[in-house]
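Asker: Please read through the structure below; I'll follow up with questions.
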Amino acid sequence: MIDCPTLEDAPEDFGIWLPQRTRWFKGWVQTWLVHMRNPGRLAEEVGWGSYAVAQVLFAGLIVSAMMHLLLAVMLLDVLVDIRAGQPLGAWRAVLLPFDMANIAFGYISFLLLGWYTLRSRERRGFWKIILFVPVYWLMISAAAWRAIWQFWRRPHHWEKTPHRSPAPFRAK
């Protein structure tokens with residue numbers, strides 16, 4: 001792994017963050033589609049194991065980001081029904097624990113990955129952001145849906161985002 005800083009500050013404004021993430025997702029969609037022009041040939045060239053990993057990484061990233069919004073809406077619908085005292089029905093009652101476990105394990109793995117990649121001095125205050133993770137994932141989902149829409153409607157448009165001057169670089 002290359003250990004060098006980007007020397008760029010992350011966007012702090014949603015109006016800049018959303019176009020940036022939309023552009024990233026659009027690039028991932030385009031990359032996946034280019035690789036999938038001839039899926040059989042790709043599988044032969046890289047091997048079936050690498051082919052499967054590529055599907056999980058590219059298609060899985062895109063689909064999971066898009067589905068998070070739908071999952072959140074469905075969860076909200078279930079919670080409203082429970083609060084209103086309406087019966088869930090057989091399928092909803094069976095699937096609810098699995099959905100809740102998937103959400104919990106997804107959030108936990110996301111947080112643990114972030115935790116373990118930070119240096120100890122960067123971990124201060126990390127657990128304060130736990131409540132923001134569902135909001136962040138909804139923002140990611142919005143960027144993914146926006147990227148798909150742009151890819152379909154404006155495939156050659158790539159939103160540029162401004163960059164602030166980087167903070168002075170300090171060696172480790």
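Every chain in the structure tokens takes a letter, A first, then B, and so on in the order presented; its residues are numbered from 1, and the ligands are numbered from 1 following the presented order.
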For Trp137 (chain A), list every protein, DNA or RNA residue within 9 Å, evaluated using only C-alpha atoms, and leave out those in the same chain fewer than 6 positions away; present the list as a PDB file with N, CA, C and O atoms, in the first residue's frame.
Answerer:
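In the end it all went to selection33.pdb:
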```pdb
ATOM      1  N   ALA A  65     -24.949   0.970  -2.032  1.00  0.00           N
ATOM      2  CA  ALA A  65     -25.182   2.398  -1.768  1.00  0.00           C
ATOM      3  C   ALA A  65     -26.588   2.796  -2.186  1.00  0.00           C
ATOM      4  O   ALA A  65     -27.277   3.527  -1.469  1.00  0.00           O
ATOM      5  N   HIS A  68     -29.382   1.334   0.187  1.00  0.00           N
ATOM      6  CA  HIS A  68     -29.458   1.838   1.556  1.00  0.00           C
ATOM      7  C   HIS A  68     -30.637   2.793   1.734  1.00  0.00           C
ATOM      8  O   HIS A  68     -31.336   2.732   2.747  1.00  0.00           O
ATOM      9  N   LEU A  69     -30.876   3.633   0.763  1.00  0.00           N
ATOM     10  CA  LEU A  69     -32.019   4.550   0.836  1.00  0.00           C
ATOM     11  C   LEU A  69     -33.331   3.765   0.883  1.00  0.00           C
ATOM     12  O   LEU A  69     -34.210   4.054   1.701  1.00  0.00           O
TER      13      LEU A  69
END
```
Asker: Excluding same-chain residues fewer than 2 positions from Ala142 (chain A), what lies within 9 Å of it counting only C-alpha atoms, as a compact mmCIF listing (two decimals) with N, CA, C and O atoms, in the first residue's frame?
Answerer:
```
# COMPACT_ATOMS: atom_id res chain seq x y z
N LEU A 18 -21.57 16.53 -2.32
CA LEU A 18 -22.48 15.72 -3.14
C LEU A 18 -22.01 15.60 -4.59
O LEU A 18 -21.94 14.48 -5.11
N THR A 22 -20.91 12.11 -6.24
CA THR A 22 -21.64 11.72 -7.45
C THR A 22 -20.66 11.40 -8.56
O THR A 22 -20.80 10.38 -9.25
N ALA A 65 -24.95 0.97 -2.03
CA ALA A 65 -25.18 2.40 -1.77
C ALA A 65 -26.59 2.80 -2.19
O ALA A 65 -27.28 3.53 -1.47
N MET A 66 -27.02 2.31 -3.33
CA MET A 66 -28.36 2.66 -3.80
C MET A 66 -29.45 2.03 -2.91
O MET A 66 -30.46 2.67 -2.61
N LEU A 69 -30.88 3.63 0.76
CA LEU A 69 -32.02 4.55 0.84
C LEU A 69 -33.33 3.76 0.88
O LEU A 69 -34.21 4.05 1.70
N TRP A 137 -24.56 7.51 5.43
CA TRP A 137 -24.91 6.48 4.45
C TRP A 137 -26.08 6.92 3.58
O TRP A 137 -26.14 6.59 2.40
N LEU A 138 -27.03 7.66 4.14
CA LEU A 138 -28.12 8.20 3.32
C LEU A 138 -27.58 9.22 2.32
O LEU A 138 -28.04 9.30 1.18
N MET A 139 -26.59 10.00 2.74
CA MET A 139 -25.96 10.94 1.83
C MET A 139 -25.24 10.19 0.70
O MET A 139 -25.32 10.58 -0.48
N ILE A 140 -24.54 9.12 1.05
CA ILE A 140 -23.86 8.29 0.05
C ILE A 140 -24.89 7.72 -0.93
O ILE A 140 -24.67 7.68 -2.14
N ALA A 144 -25.16 8.11 -4.98
CA ALA A 144 -25.20 6.98 -5.91
C ALA A 144 -26.40 7.08 -6.85
O ALA A 144 -26.27 6.86 -8.06
N TRP A 145 -27.57 7.40 -6.30
CA TRP A 145 -28.76 7.57 -7.16
C TRP A 145 -28.56 8.71 -8.14
O TRP A 145 -28.93 8.63 -9.31
N ARG A 146 -27.97 9.77 -7.67
CA ARG A 146 -27.70 10.93 -8.52
C ARG A 146 -26.72 10.56 -9.64
O ARG A 146 -26.86 10.99 -10.78
N ALA A 147 -25.72 9.75 -9.31
CA ALA A 147 -24.75 9.31 -10.31
C ALA A 147 -25.41 8.46 -11.40
O ALA A 147 -25.12 8.63 -12.59
```
Asker: Mind checking which residues fall within 9 Å of Val78 (chain A), counting only C-alpha atoms, ignoring those fewer than 5 positions away in the same chain, and posting them as a PyMOL selection string?
Answerer: chain A and resi 73+83+88+92+96
Asker: Store the residues of this selection in a file with N, CA, C and O atoms, as an mmCIF file, in the first residue's frame.
Answerer:
```cif
data_model
loop_
_atom_site.group_PDB
_atom_site.id
_atom_site.type_symbol
_atom_site.label_atom_id
_atom_site.label_comp_id
_atom_site.auth_asym_id
_atom_site.auth_seq_id
_atom_site.Cartn_x
_atom_site.Cartn_y
_atom_site.Cartn_z
ATOM 1 N N VAL A 73 -36.098 3.573 3.962
ATOM 2 C CA VAL A 73 -37.518 3.884 3.774
ATOM 3 C C VAL A 73 -38.374 2.710 4.232
ATOM 4 O O VAL A 73 -39.384 2.900 4.919
ATOM 5 N N ARG A 83 -45.533 1.170 15.411
ATOM 6 C CA ARG A 83 -46.002 2.241 16.311
ATOM 7 C C ARG A 83 -47.520 2.390 16.255
ATOM 8 O O ARG A 83 -48.148 2.662 17.269
ATOM 9 N N LEU A 88 -47.551 -6.869 11.224
ATOM 10 C CA LEU A 88 -46.538 -6.783 10.180
ATOM 11 C C LEU A 88 -46.780 -7.731 9.006
ATOM 12 O O LEU A 88 -46.331 -7.476 7.906
ATOM 13 N N ARG A 92 -42.839 -9.802 6.552
ATOM 14 C CA ARG A 92 -42.184 -8.674 7.224
ATOM 15 C C ARG A 92 -41.682 -9.076 8.611
ATOM 16 O O ARG A 92 -40.601 -8.668 9.014
ATOM 17 N N LEU A 96 -37.681 -8.883 9.239
ATOM 18 C CA LEU A 96 -37.256 -7.754 10.070
ATOM 19 C C LEU A 96 -35.978 -8.034 10.868
ATOM 20 O O LEU A 96 -35.055 -7.221 10.851
#
```
Asker: Calculated over only C-alpha atoms, which of the candidates A:Phe58, A:Tyr107, A:Tyr51, A:Trp91 has the smallest distance to Val135 (chain A)?
Answerer: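 Between A:Phe58, A:Tyr107, A:Tyr51, A:Trp91, the residue approaching Val135 (chain A) most closely is A:Tyr107.
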Asker: From the set A:Leu111, A:Ala72, A:Glu12, A:Gly47, which residue has the shortest atom-to-atom contact distance to Phe132 (chain A), counting only C-alpha atoms?
Answerer: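 The shortest atom-to-atom distance to Phe132 (chain A) comes from A:Leu111.
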Asker: Report the residues of chain A whose backbone DSSP state falls under helix (DSSP H, G or I), written as a VMD selection string.
Answerer: chain A and resid 14 to 35 39 to 46 48 to 83 90 to 117 120 to 122 126 to 153
Asker: Within 8 Å of Val29 (chain A), counting only C-alpha atoms, which residues show up once you throw out same-chain ones fewer than 2 positions away? Write them as a VMD selection string, please.
Answerer: chain A and resid 25 to 27 31 to 33 58 to 59 62 148
Asker: List the neighbours of Pro19 (chain A) out to 10 Å using only C-alpha atoms; skip same-chain residues closer than 4 positions along the sequence, and give me the result as a list in words.
Answerer: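 That gives Phe14, Gly15, Arg23, Trp24, Phe25, Ala143, Arg146, Ala147, Trp158, Glu159, Lys160 and Thr161 of chain A.
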Asker: Between A:Leu57, A:Ser141, A:Gly85, A:Leu112, which one has atoms that come closest to Arg21 (chain A), using only C-alpha atoms?
Answerer: A:Ser141
Asker: For Ile108 (chain A), which residue among A:Pro11, A:Pro155, A:Gly49, A:Pro134 is the nearest when counting only C-alpha atoms?
Answerer: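 So, comparing all the options, the nearest one is A:Pro134.
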Asker: To one decimal in Å, tell me the separation between CA of Trp115 (chain A) and CA of Met74 (chain A).
Answerer: 29.1 Å
Asker: Mind giving me the straight-line distance from CA of His35 (chain A) to CA of Phe151 (chain A) in Å, one decimal?
Answerer: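 About the pair CA of His35 (chain A) and CA of Phe151 (chain A): they are 16.1 Å apart.
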Asker: Could you work out how far CA of Gly114 (chain A) lies from CA of Ile130 (chain A), giving the answer in Å with one decimal?
Answerer: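 Separation between CA of Ile130 (chain A) and CA of Gly114 (chain A): 11.1 Å.
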Asker: Using only C-alpha atoms, find the one residue out of A:Val34, A:Trp28, A:Leu76, A:Leu95 that sits nearest to Val63 (chain A).
Answerer: A:Trp28
